[in-house]
Every structure is written in structure tokens, then in C-alpha cells.
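entry18.pdb follows (PDB, N, CA, C and O atoms):
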```pdb
MODEL        1
ATOM      1  N   MET I 153       4.979  -9.928  10.265
ATOM      2  CA  MET I 153       5.835  -8.774  10.396
ATOM      3  C   MET I 153       4.982  -7.519  10.316
ATOM      4  O   MET I 153       3.888  -7.543   9.751
ATOM      5  N   LYS I 154       5.491  -6.434  10.874
ATOM      6  CA  LYS I 154       4.747  -5.182  10.878
ATOM      7  C   LYS I 154       5.330  -4.194   9.876
ATOM      8  O   LYS I 154       6.555  -4.077   9.761
ATOM      9  N   ILE I 155       4.423  -3.524   9.148
ATOM     10  CA  ILE I 155       4.812  -2.453   8.246
ATOM     11  C   ILE I 155       3.884  -1.260   8.488
ATOM     12  O   ILE I 155       2.807  -1.409   9.061
ATOM     13  N   THR I 156       4.316  -0.103   8.030
ATOM     14  CA  THR I 156       3.478   1.090   8.081
ATOM     15  C   THR I 156       2.738   1.200   6.756
ATOM     16  O   THR I 156       3.342   1.084   5.686
ATOM     17  N   PHE I 157       1.434   1.406   6.831
ATOM     18  CA  PHE I 157       0.559   1.475   5.664
ATOM     19  C   PHE I 157      -0.009   2.882   5.611
ATOM     20  O   PHE I 157      -0.644   3.334   6.565
ATOM     21  N   LYS I 158       0.252   3.590   4.499
ATOM     22  CA  LYS I 158      -0.188   4.975   4.347
ATOM     23  C   LYS I 158      -1.022   5.095   3.078
ATOM     24  O   LYS I 158      -0.581   4.694   2.004
ATOM     25  N   LEU I 159      -2.207   5.650   3.221
ATOM     26  CA  LEU I 159      -3.073   5.882   2.071
ATOM     27  C   LEU I 159      -3.400   7.371   2.007
ATOM     28  O   LEU I 159      -3.673   7.991   3.036
ATOM     29  N   TYR I 160      -3.398   7.917   0.796
ATOM     30  CA  TYR I 160      -3.596   9.351   0.617
ATOM     31  C   TYR I 160      -4.818   9.651  -0.245
ATOM     32  O   TYR I 160      -5.237   8.825  -1.056
ATOM     33  N   ALA I 161      -5.340  10.858  -0.055
ATOM     34  CA  ALA I 161      -6.457  11.408  -0.844
ATOM     35  C   ALA I 161      -7.658  10.456  -0.781
ATOM     36  O   ALA I 161      -8.037  10.012   0.291
ATOM     37  N   SER I 162      -8.221  10.121  -1.936
ATOM     38  CA  SER I 162      -9.446   9.315  -1.970
ATOM     39  C   SER I 162      -9.247   7.874  -1.492
ATOM     40  O   SER I 162     -10.223   7.162  -1.238
ATOM     41  N   LEU I 163      -8.004   7.437  -1.330
ATOM     42  CA  LEU I 163      -7.744   6.064  -0.878
ATOM     43  C   LEU I 163      -7.878   5.904   0.636
ATOM     44  O   LEU I 163      -7.953   4.781   1.134
ATOM     45  N   THR I 164      -7.936   6.997   1.382
ATOM     46  CA  THR I 164      -7.997   6.893   2.842
ATOM     47  C   THR I 164      -9.227   6.133   3.321
ATOM     48  O   THR I 164      -9.205   5.563   4.415
ATOM     49  N   LYS I 165     -10.258   6.076   2.509
ATOM     50  CA  LYS I 165     -11.472   5.352   2.923
ATOM     51  C   LYS I 165     -11.232   3.846   3.083
ATOM     52  O   LYS I 165     -12.049   3.146   3.671
ATOM     53  N   TYR I 166     -10.114   3.338   2.569
ATOM     54  CA  TYR I 166      -9.799   1.915   2.671
ATOM     55  C   TYR I 166      -8.942   1.584   3.897
ATOM     56  O   TYR I 166      -8.649   0.416   4.137
ATOM     57  N   LEU I 167      -8.559   2.598   4.651
ATOM     58  CA  LEU I 167      -7.771   2.323   5.859
ATOM     59  C   LEU I 167      -8.606   1.567   6.881
ATOM     60  O   LEU I 167      -9.785   1.857   7.055
ATOM     61  N   PRO I 168      -7.997   0.615   7.573
ATOM     62  CA  PRO I 168      -8.739  -0.087   8.620
ATOM     63  C   PRO I 168      -8.966   0.822   9.819
ATOM     64  O   PRO I 168      -8.290   1.848   9.975
ATOM     65  N   SER I 169      -9.904   0.440  10.652
ATOM     66  CA  SER I 169     -10.168   1.230  11.850
ATOM     67  C   SER I 169      -8.908   1.262  12.712
ATOM     68  O   SER I 169      -8.114   0.325  12.715
ATOM     69  N   GLY I 170      -8.742   2.358  13.411
ATOM     70  CA  GLY I 170      -7.565   2.537  14.242
ATOM     71  C   GLY I 170      -6.495   3.383  13.585
ATOM     72  O   GLY I 170      -5.505   3.739  14.221
ATOM     73  N   ALA I 171      -6.693   3.712  12.312
ATOM     74  CA  ALA I 171      -5.718   4.560  11.623
ATOM     75  C   ALA I 171      -5.782   5.970  12.185
ATOM     76  O   ALA I 171      -6.848   6.469  12.515
ATOM     77  N   GLU I 172      -4.627   6.577  12.305
ATOM     78  CA  GLU I 172      -4.550   7.966  12.735
ATOM     79  C   GLU I 172      -4.074   8.785  11.547
ATOM     80  O   GLU I 172      -3.043   8.478  10.955
ATOM     81  N   ASP I 173      -4.845   9.832  11.249
ATOM     82  CA  ASP I 173      -4.631  10.611  10.036
ATOM     83  C   ASP I 173      -4.749   9.638   8.859
ATOM     84  O   ASP I 173      -5.777   9.075   8.637
ATOM     85  N   ASN I 174      -3.695   9.374   8.152
ATOM     86  CA  ASN I 174      -3.757   8.473   7.003
ATOM     87  C   ASN I 174      -2.789   7.300   7.150
ATOM     88  O   ASN I 174      -2.394   6.693   6.167
ATOM     89  N   ILE I 175      -2.418   6.974   8.387
ATOM     90  CA  ILE I 175      -1.358   5.991   8.636
ATOM     91  C   ILE I 175      -1.799   4.970   9.681
ATOM     92  O   ILE I 175      -2.447   5.315  10.662
ATOM     93  N   ILE I 176      -1.372   3.712   9.450
ATOM     94  CA  ILE I 176      -1.592   2.662  10.442
ATOM     95  C   ILE I 176      -0.483   1.614  10.313
ATOM     96  O   ILE I 176       0.058   1.408   9.219
ATOM     97  N   THR I 177      -0.142   1.001  11.414
ATOM     98  CA  THR I 177       0.786  -0.128  11.389
ATOM     99  C   THR I 177      -0.047  -1.384  11.227
ATOM    100  O   THR I 177      -1.022  -1.587  11.948
ATOM    101  N   ILE I 178       0.327  -2.202  10.241
ATOM    102  CA  ILE I 178      -0.411  -3.436   9.973
ATOM    103  C   ILE I 178       0.530  -4.631  10.088
ATOM    104  O   ILE I 178       1.739  -4.501   9.953
ATOM    105  N   GLU I 179      -0.064  -5.776  10.314
ATOM    106  CA  GLU I 179       0.670  -7.042  10.387
ATOM    107  C   GLU I 179       0.441  -7.779   9.072
ATOM    108  O   GLU I 179      -0.711  -7.947   8.646
ATOM    109  N   ILE I 180       1.533  -8.184   8.412
ATOM    110  CA  ILE I 180       1.419  -8.931   7.157
ATOM    111  C   ILE I 180       2.311 -10.171   7.214
ATOM    112  O   ILE I 180       3.210 -10.253   8.052
ATOM    113  N   MET I 181       2.059 -11.078   6.301
ATOM    114  CA  MET I 181       2.899 -12.267   6.168
ATOM    115  C   MET I 181       4.133 -11.889   5.342
ATOM    116  O   MET I 181       4.034 -11.068   4.421
ATOM    117  N   PRO I 182       5.285 -12.488   5.621
ATOM    118  CA  PRO I 182       6.516 -12.119   4.917
ATOM    119  C   PRO I 182       6.463 -12.287   3.398
ATOM    120  O   PRO I 182       7.130 -11.556   2.679
ATOM    121  N   GLU I 183       5.653 -13.209   2.908
ATOM    122  CA  GLU I 183       5.606 -13.462   1.461
ATOM    123  C   GLU I 183       4.628 -12.549   0.714
ATOM    124  O   GLU I 183       4.500 -12.652  -0.502
ATOM    125  N   MET I 184       3.964 -11.653   1.422
ATOM    126  CA  MET I 184       2.978 -10.784   0.773
ATOM    127  C   MET I 184       3.655  -9.745  -0.118
ATOM    128  O   MET I 184       4.752  -9.271   0.165
ATOM    129  N   THR I 185       2.954  -9.401  -1.212
ATOM    130  CA  THR I 185       3.409  -8.382  -2.152
ATOM    131  C   THR I 185       2.511  -7.156  -2.011
ATOM    132  O   THR I 185       1.518  -7.178  -1.283
ATOM    133  N   VAL I 186       2.831  -6.114  -2.756
ATOM    134  CA  VAL I 186       1.994  -4.907  -2.760
ATOM    135  C   VAL I 186       0.562  -5.262  -3.135
ATOM    136  O   VAL I 186      -0.394  -4.848  -2.474
ATOM    137  N   HIS I 187       0.393  -6.044  -4.192
ATOM    138  CA  HIS I 187      -0.962  -6.410  -4.622
ATOM    139  C   HIS I 187      -1.692  -7.239  -3.575
ATOM    140  O   HIS I 187      -2.912  -7.119  -3.425
ATOM    141  N   ASP I 188      -0.969  -8.061  -2.834
ATOM    142  CA  ASP I 188      -1.599  -8.822  -1.749
ATOM    143  C   ASP I 188      -2.153  -7.881  -0.678
ATOM    144  O   ASP I 188      -3.248  -8.099  -0.161
ATOM    145  N   VAL I 189      -1.395  -6.844  -0.350
ATOM    146  CA  VAL I 189      -1.856  -5.877   0.651
ATOM    147  C   VAL I 189      -3.084  -5.123   0.128
ATOM    148  O   VAL I 189      -4.063  -4.927   0.848
ATOM    149  N   LEU I 190      -3.046  -4.731  -1.155
ATOM    150  CA  LEU I 190      -4.210  -4.059  -1.745
ATOM    151  C   LEU I 190      -5.449  -4.938  -1.647
ATOM    152  O   LEU I 190      -6.531  -4.478  -1.270
ATOM    153  N   GLU I 191      -5.298  -6.200  -1.982
ATOM    154  CA  GLU I 191      -6.422  -7.133  -1.940
ATOM    155  C   GLU I 191      -6.948  -7.306  -0.512
ATOM    156  O   GLU I 191      -8.154  -7.283  -0.277
ATOM    157  N   ARG I 192      -6.034  -7.443   0.420
ATOM    158  CA  ARG I 192      -6.434  -7.642   1.816
ATOM    159  C   ARG I 192      -7.295  -6.489   2.338
ATOM    160  O   ARG I 192      -8.235  -6.698   3.093
ATOM    161  N   TYR I 193      -6.961  -5.263   1.918
ATOM    162  CA  TYR I 193      -7.699  -4.086   2.390
ATOM    163  C   TYR I 193      -8.704  -3.570   1.364
ATOM    164  O   TYR I 193      -9.230  -2.479   1.509
ATOM    165  N   GLN I 194      -8.958  -4.385   0.344
ATOM    166  CA  GLN I 194      -9.976  -4.113  -0.673
ATOM    167  C   GLN I 194      -9.763  -2.784  -1.389
ATOM    168  O   GLN I 194     -10.722  -2.070  -1.709
ATOM    169  N   VAL I 195      -8.498  -2.447  -1.627
ATOM    170  CA  VAL I 195      -8.158  -1.244  -2.388
ATOM    171  C   VAL I 195      -8.103  -1.647  -3.864
ATOM    172  O   VAL I 195      -7.258  -2.463  -4.242
ATOM    173  N   PRO I 196      -8.989  -1.121  -4.706
ATOM    174  CA  PRO I 196      -8.973  -1.493  -6.126
ATOM    175  C   PRO I 196      -7.664  -1.080  -6.806
ATOM    176  O   PRO I 196      -7.216   0.067  -6.666
ATOM    177  N   ARG I 197      -7.039  -2.014  -7.490
ATOM    178  CA  ARG I 197      -5.767  -1.733  -8.167
ATOM    179  C   ARG I 197      -5.876  -0.539  -9.106
ATOM    180  O   ARG I 197      -4.948   0.254  -9.207
ATOM    181  N   GLU I 198      -7.015  -0.433  -9.789
ATOM    182  CA  GLU I 198      -7.176   0.643 -10.766
ATOM    183  C   GLU I 198      -7.274   2.021 -10.104
ATOM    184  O   GLU I 198      -7.116   3.045 -10.769
ATOM    185  N   ASP I 199      -7.499   2.052  -8.803
ATOM    186  CA  ASP I 199      -7.559   3.318  -8.067
ATOM    187  C   ASP I 199      -6.195   3.759  -7.542
ATOM    188  O   ASP I 199      -6.066   4.852  -6.993
ATOM    189  N   VAL I 200      -5.193   2.896  -7.680
ATOM    190  CA  VAL I 200      -3.854   3.191  -7.163
ATOM    191  C   VAL I 200      -2.939   3.564  -8.325
ATOM    192  O   VAL I 200      -2.775   2.805  -9.271
ATOM    193  N   HIS I 201      -2.351   4.747  -8.213
ATOM    194  CA  HIS I 201      -1.446   5.211  -9.271
ATOM    195  C   HIS I 201       0.008   5.174  -8.810
ATOM    196  O   HIS I 201       0.848   4.563  -9.444
ATOM    197  N   LEU I 202       0.283   5.804  -7.702
ATOM    198  CA  LEU I 202       1.650   5.917  -7.208
ATOM    199  C   LEU I 202       1.837   5.016  -6.001
ATOM    200  O   LEU I 202       1.058   5.078  -5.047
ATOM    201  N   VAL I 203       2.866   4.166  -6.060
ATOM    202  CA  VAL I 203       3.199   3.263  -4.958
ATOM    203  C   VAL I 203       4.653   3.505  -4.579
ATOM    204  O   VAL I 203       5.549   3.414  -5.423
ATOM    205  N   LEU I 204       4.860   3.837  -3.307
ATOM    206  CA  LEU I 204       6.212   4.014  -2.791
ATOM    207  C   LEU I 204       6.450   3.012  -1.671
ATOM    208  O   LEU I 204       5.620   2.864  -0.767
ATOM    209  N   LEU I 205       7.569   2.328  -1.735
ATOM    210  CA  LEU I 205       7.998   1.422  -0.673
ATOM    211  C   LEU I 205       9.266   2.023  -0.086
ATOM    212  O   LEU I 205      10.294   2.109  -0.781
ATOM    213  N   ASN I 206       9.165   2.495   1.132
ATOM    214  CA  ASN I 206      10.278   3.200   1.783
ATOM    215  C   ASN I 206      10.760   4.383   0.948
ATOM    216  O   ASN I 206      11.954   4.654   0.840
ATOM    217  N   GLY I 207       9.809   5.058   0.305
ATOM    218  CA  GLY I 207      10.133   6.242  -0.489
ATOM    219  C   GLY I 207      10.610   5.964  -1.899
ATOM    220  O   GLY I 207      10.931   6.892  -2.638
ATOM    221  N   VAL I 208      10.651   4.698  -2.292
ATOM    222  CA  VAL I 208      11.120   4.315  -3.631
ATOM    223  C   VAL I 208       9.924   3.888  -4.474
ATOM    224  O   VAL I 208       9.132   3.032  -4.051
ATOM    225  N   TYR I 209       9.808   4.468  -5.674
ATOM    226  CA  TYR I 209       8.698   4.156  -6.573
ATOM    227  C   TYR I 209       8.735   2.693  -7.000
ATOM    228  O   TYR I 209       9.789   2.165  -7.368
ATOM    229  N   ILE I 210       7.566   2.042  -6.955
ATOM    230  CA  ILE I 210       7.431   0.656  -7.420
ATOM    231  C   ILE I 210       6.601   0.670  -8.692
ATOM    232  O   ILE I 210       5.435   1.079  -8.682
ATOM    233  N   ASN I 211       7.211   0.246  -9.799
ATOM    234  CA  ASN I 211       6.510   0.175 -11.085
ATOM    235  C   ASN I 211       5.343  -0.803 -11.001
ATOM    236  O   ASN I 211       5.417  -1.793 -10.273
ATOM    237  N   PRO I 212       4.283  -0.557 -11.790
ATOM    238  CA  PRO I 212       3.143  -1.482 -11.772
ATOM    239  C   PRO I 212       3.526  -2.941 -12.027
ATOM    240  O   PRO I 212       2.972  -3.836 -11.395
ATOM    241  N   VAL I 213       4.480  -3.188 -12.910
ATOM    242  CA  VAL I 213       4.867  -4.578 -13.206
ATOM    243  C   VAL I 213       5.602  -5.245 -12.049
ATOM    244  O   VAL I 213       5.680  -6.469 -11.995
ATOM    245  N   ASP I 214       6.131  -4.451 -11.133
ATOM    246  CA  ASP I 214       6.881  -5.001  -9.998
ATOM    247  C   ASP I 214       6.041  -5.140  -8.736
ATOM    248  O   ASP I 214       6.529  -5.619  -7.717
ATOM    249  N   ARG I 215       4.788  -4.750  -8.782
ATOM    250  CA  ARG I 215       3.963  -4.746  -7.576
ATOM    251  C   ARG I 215       3.554  -6.148  -7.126
ATOM    252  O   ARG I 215       3.069  -6.330  -6.026
ATOM    253  N   ASP I 216       3.756  -7.146  -7.977
ATOM    254  CA  ASP I 216       3.526  -8.544  -7.585
ATOM    255  C   ASP I 216       4.830  -9.229  -7.204
ATOM    256  O   ASP I 216       4.841 -10.414  -6.900
ATOM    257  N   ARG I 217       5.929  -8.485  -7.266
ATOM    258  CA  ARG I 217       7.237  -9.067  -6.962
ATOM    259  C   ARG I 217       7.880  -8.463  -5.716
ATOM    260  O   ARG I 217       8.666  -9.125  -5.055
ATOM    261  N   ALA I 218       7.583  -7.207  -5.450
ATOM    262  CA  ALA I 218       8.225  -6.516  -4.329
ATOM    263  C   ALA I 218       7.803  -7.143  -3.012
ATOM    264  O   ALA I 218       6.621  -7.273  -2.734
ATOM    265  N   LEU I 219       8.785  -7.544  -2.233
ATOM    266  CA  LEU I 219       8.518  -8.133  -0.922
ATOM    267  C   LEU I 219       8.897  -7.141   0.162
ATOM    268  O   LEU I 219       9.693  -6.229  -0.054
ATOM    269  N   PHE I 220       8.328  -7.331   1.323
ATOM    270  CA  PHE I 220       8.520  -6.407   2.428
ATOM    271  C   PHE I 220       9.518  -6.949   3.437
ATOM    272  O   PHE I 220       9.733  -8.145   3.543
ATOM    273  N   SER I 221      10.063  -6.026   4.212
ATOM    274  CA  SER I 221      10.887  -6.346   5.376
ATOM    275  C   SER I 221      10.241  -5.685   6.589
ATOM    276  O   SER I 221       9.503  -4.705   6.445
ATOM    277  N   GLU I 222      10.529  -6.198   7.747
ATOM    278  CA  GLU I 222      10.012  -5.628   8.991
ATOM    279  C   GLU I 222      10.274  -4.122   9.033
ATOM    280  O   GLU I 222      11.381  -3.667   8.747
ATOM    281  N   GLY I 223       9.225  -3.361   9.356
ATOM    282  CA  GLY I 223       9.372  -1.916   9.511
ATOM    283  C   GLY I 223       9.263  -1.099   8.244
ATOM    284  O   GLY I 223       9.373   0.125   8.288
ATOM    285  N   ASP I 224       9.045  -1.754   7.097
ATOM    286  CA  ASP I 224       8.892  -1.015   5.841
ATOM    287  C   ASP I 224       7.690  -0.077   5.902
ATOM    288  O   ASP I 224       6.778  -0.258   6.699
ATOM    289  N   ALA I 225       7.698   0.906   4.992
ATOM    290  CA  ALA I 225       6.575   1.840   4.854
ATOM    291  C   ALA I 225       6.048   1.749   3.430
ATOM    292  O   ALA I 225       6.794   1.952   2.468
ATOM    293  N   LEU I 226       4.765   1.428   3.299
ATOM    294  CA  LEU I 226       4.087   1.348   2.008
ATOM    295  C   LEU I 226       3.124   2.527   1.910
ATOM    296  O   LEU I 226       2.235   2.679   2.748
ATOM    297  N   ALA I 227       3.314   3.364   0.890
ATOM    298  CA  ALA I 227       2.473   4.547   0.701
ATOM    299  C   ALA I 227       1.824   4.491  -0.674
ATOM    300  O   ALA I 227       2.489   4.188  -1.672
ATOM    301  N   LEU I 228       0.508   4.770  -0.719
ATOM    302  CA  LEU I 228      -0.262   4.677  -1.958
ATOM    303  C   LEU I 228      -1.019   5.972  -2.224
ATOM    304  O   LEU I 228      -1.606   6.541  -1.309
ATOM    305  N   TRP I 229      -1.030   6.397  -3.498
ATOM    306  CA  TRP I 229      -1.767   7.571  -3.933
ATOM    307  C   TRP I 229      -2.634   7.224  -5.138
ATOM    308  O   TRP I 229      -2.218   6.438  -5.998
ATOM    309  N   PRO I 230      -3.781   7.849  -5.257
ATOM    310  CA  PRO I 230      -4.600   7.685  -6.460
ATOM    311  C   PRO I 230      -4.035   8.576  -7.570
ATOM    312  O   PRO I 230      -3.155   9.408  -7.306
ATOM    313  N   PRO I 231      -4.564   8.444  -8.792
ATOM    314  CA  PRO I 231      -4.163   9.390  -9.839
ATOM    315  C   PRO I 231      -4.533  10.811  -9.390
ATOM    316  O   PRO I 231      -5.541  11.014  -8.729
ATOM    317  N   VAL I 232      -3.688  11.739  -9.730
ATOM    318  CA  VAL I 232      -3.921  13.130  -9.341
ATOM    319  C   VAL I 232      -4.331  13.929 -10.559
ATOM    320  O   VAL I 232      -3.707  13.829 -11.608
ATOM    321  N   ALA I 233      -5.386  14.693 -10.416
ATOM    322  CA  ALA I 233      -5.848  15.556 -11.499
ATOM    323  C   ALA I 233      -5.892  16.981 -10.983
ATOM    324  O   ALA I 233      -6.101  17.219  -9.796
ATOM    325  N   GLY I 234      -5.700  17.882 -11.846
ATOM    326  CA  GLY I 234      -5.736  19.283 -11.444
ATOM    327  C   GLY I 234      -6.087  20.155 -12.630
ATOM    328  O   GLY I 234      -6.191  19.689 -13.749
ATOM    329  N   GLY I 235      -6.216  21.388 -12.352
ATOM    330  CA  GLY I 235      -6.552  22.258 -13.470
ATOM    331  C   GLY I 235      -6.243  23.682 -13.160
ATOM    332  O   GLY I 235      -5.783  24.089 -12.172
TER
ENDMDL
END
```

Let me see the file written as C-alpha cells.
Amino acid sequence: MKITFKLYASLTKYLPSGAEDNIITIEIMPEMTVHDVLERYQVPREDVHLVLLNGVYINPVDRDRALFSEGDALALWPPVAGG
């Protein structure tokens, strides 16, 4: 199935080739979880702070349980610091 994969800020370096701006459509297996997608694209879990699935926040404990549907959008952000 196909989903939209969006990485922001310092995580954009993990996007596969062919991404435009910070977004790419990827093909995944239906049983994959958020953590499976992170592993597939070698995004370190500790570098991911905010995870949104179709705009809904996914708690860290649920990232091994959340399953995808065709056309979903997965967006990831690193921790944000400012001053």
C-alpha cells in the first residue's frame, strides 16, 4: 500500500531519493507500524519526537501498534529547541 512520508528539520536527511521538498510517497506492507517505517529508512527512534498519522499525534507507546491504511500520511519531527 502507498502512504505519504514526511520528514521535517534534521530528519530530512533520511528521506529516500526522489523526495520533493520533505515529502515522498512510499510503498509499505499493510502490517507495518511506525517503528517499522523508521527502521526501514534508518531513522533513529531517539531522533524522532513528534509523530503524526493523518494529523493525529501518536504516543511513543503506540508507535509499535498503529497500523496504516492506503493513502495515510505519516509526518515526523525531531525534538525542537529554541531560545

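Put simply, the PyMOL selection byres ((chain I and resi 198) around 8) in this file takes in Val195, Pro196, Arg197, Asp199, Val200, His201, Trp229, Pro230 and Pro231 of chain I.
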
Matched chain/residue IDs from the PyMOL selection byres ((chain I and resi 164) around 8), as a PyMOL selection string: chain I and resi 158-163+165-168+173-175+228+230

Filtering to N, CA, C and O atoms, could you give me those residues as a CSV table (one decimal), keeping the file's coordinate frame?
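part33.csv was written with the following content:
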```csv
chain,number,residue,atom,x,y,z
I,158,LYS,N,0.3,3.6,4.5
I,158,LYS,CA,-0.2,5.0,4.3
I,158,LYS,C,-1.0,5.1,3.1
I,158,LYS,O,-0.6,4.7,2.0
I,159,LEU,N,-2.2,5.6,3.2
I,159,LEU,CA,-3.1,5.9,2.1
I,159,LEU,C,-3.4,7.4,2.0
I,159,LEU,O,-3.7,8.0,3.0
I,160,TYR,N,-3.4,7.9,0.8
I,160,TYR,CA,-3.6,9.4,0.6
I,160,TYR,C,-4.8,9.7,-0.2
I,160,TYR,O,-5.2,8.8,-1.1
I,161,ALA,N,-5.3,10.9,-0.1
I,161,ALA,CA,-6.5,11.4,-0.8
I,161,ALA,C,-7.7,10.5,-0.8
I,161,ALA,O,-8.0,10.0,0.3
I,162,SER,N,-8.2,10.1,-1.9
I,162,SER,CA,-9.4,9.3,-2.0
I,162,SER,C,-9.2,7.9,-1.5
I,162,SER,O,-10.2,7.2,-1.2
I,163,LEU,N,-8.0,7.4,-1.3
I,163,LEU,CA,-7.7,6.1,-0.9
I,163,LEU,C,-7.9,5.9,0.6
I,163,LEU,O,-8.0,4.8,1.1
I,165,LYS,N,-10.3,6.1,2.5
I,165,LYS,CA,-11.5,5.4,2.9
I,165,LYS,C,-11.2,3.8,3.1
I,165,LYS,O,-12.0,3.1,3.7
I,166,TYR,N,-10.1,3.3,2.6
I,166,TYR,CA,-9.8,1.9,2.7
I,166,TYR,C,-8.9,1.6,3.9
I,166,TYR,O,-8.6,0.4,4.1
I,167,LEU,N,-8.6,2.6,4.7
I,167,LEU,CA,-7.8,2.3,5.9
I,167,LEU,C,-8.6,1.6,6.9
I,167,LEU,O,-9.8,1.9,7.1
I,168,PRO,N,-8.0,0.6,7.6
I,168,PRO,CA,-8.7,-0.1,8.6
I,168,PRO,C,-9.0,0.8,9.8
I,168,PRO,O,-8.3,1.8,10.0
I,173,ASP,N,-4.8,9.8,11.2
I,173,ASP,CA,-4.6,10.6,10.0
I,173,ASP,C,-4.7,9.6,8.9
I,173,ASP,O,-5.8,9.1,8.6
I,174,ASN,N,-3.7,9.4,8.2
I,174,ASN,CA,-3.8,8.5,7.0
I,174,ASN,C,-2.8,7.3,7.2
I,174,ASN,O,-2.4,6.7,6.2
I,175,ILE,N,-2.4,7.0,8.4
I,175,ILE,CA,-1.4,6.0,8.6
I,175,ILE,C,-1.8,5.0,9.7
I,175,ILE,O,-2.4,5.3,10.7
I,228,LEU,N,0.5,4.8,-0.7
I,228,LEU,CA,-0.3,4.7,-2.0
I,228,LEU,C,-1.0,6.0,-2.2
I,228,LEU,O,-1.6,6.5,-1.3
I,230,PRO,N,-3.8,7.8,-5.3
I,230,PRO,CA,-4.6,7.7,-6.5
I,230,PRO,C,-4.0,8.6,-7.6
I,230,PRO,O,-3.2,9.4,-7.3
```

Polymer residues at most 5 Å from Arg215 (chain I), all atoms listed in the file, same-chain spacing of 6 or more positions, as JSON, numbers by chain: {"I": [185, 186, 187]}

Residue set, region 173-206 of chain I restricted to strand (DSSP E), as a VMD selection string: chain I and resid 175 to 179 202 to 205

Near-Asp224 (chain I) list (8 Å; only N, CA, C and O atoms; drop same-chain fewer than 2 positions) as a PyMOL selection string: chain I and resi 153-158+176-178+204-207+219-222+226-227

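Picture a line from atom C of Pro182 (chain I) to atom N of Pro212 (chain I); it runs 19.3 Å.
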
Point-to-point distance in Å for atom O of Ala225 (chain I) and atom N of Val208 (chain I): 6.7 Å

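If you look at CA of Gly170 (chain I) and CA of Asp216 (chain I), they are 26.9 Å away from each other.
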
Residues of chain I in helix (DSSP H, G or I), written as a list of chain:residue names: I:Ala161, I:Ser162, I:Leu163, I:Thr164, I:Lys165, I:Tyr166, I:Val186, I:His187, I:Asp188, I:Val189, I:Leu190, I:Glu191, I:Arg192, I:Arg197, I:Glu198, I:Asp199, I:Pro212, I:Val213, I:Asp214
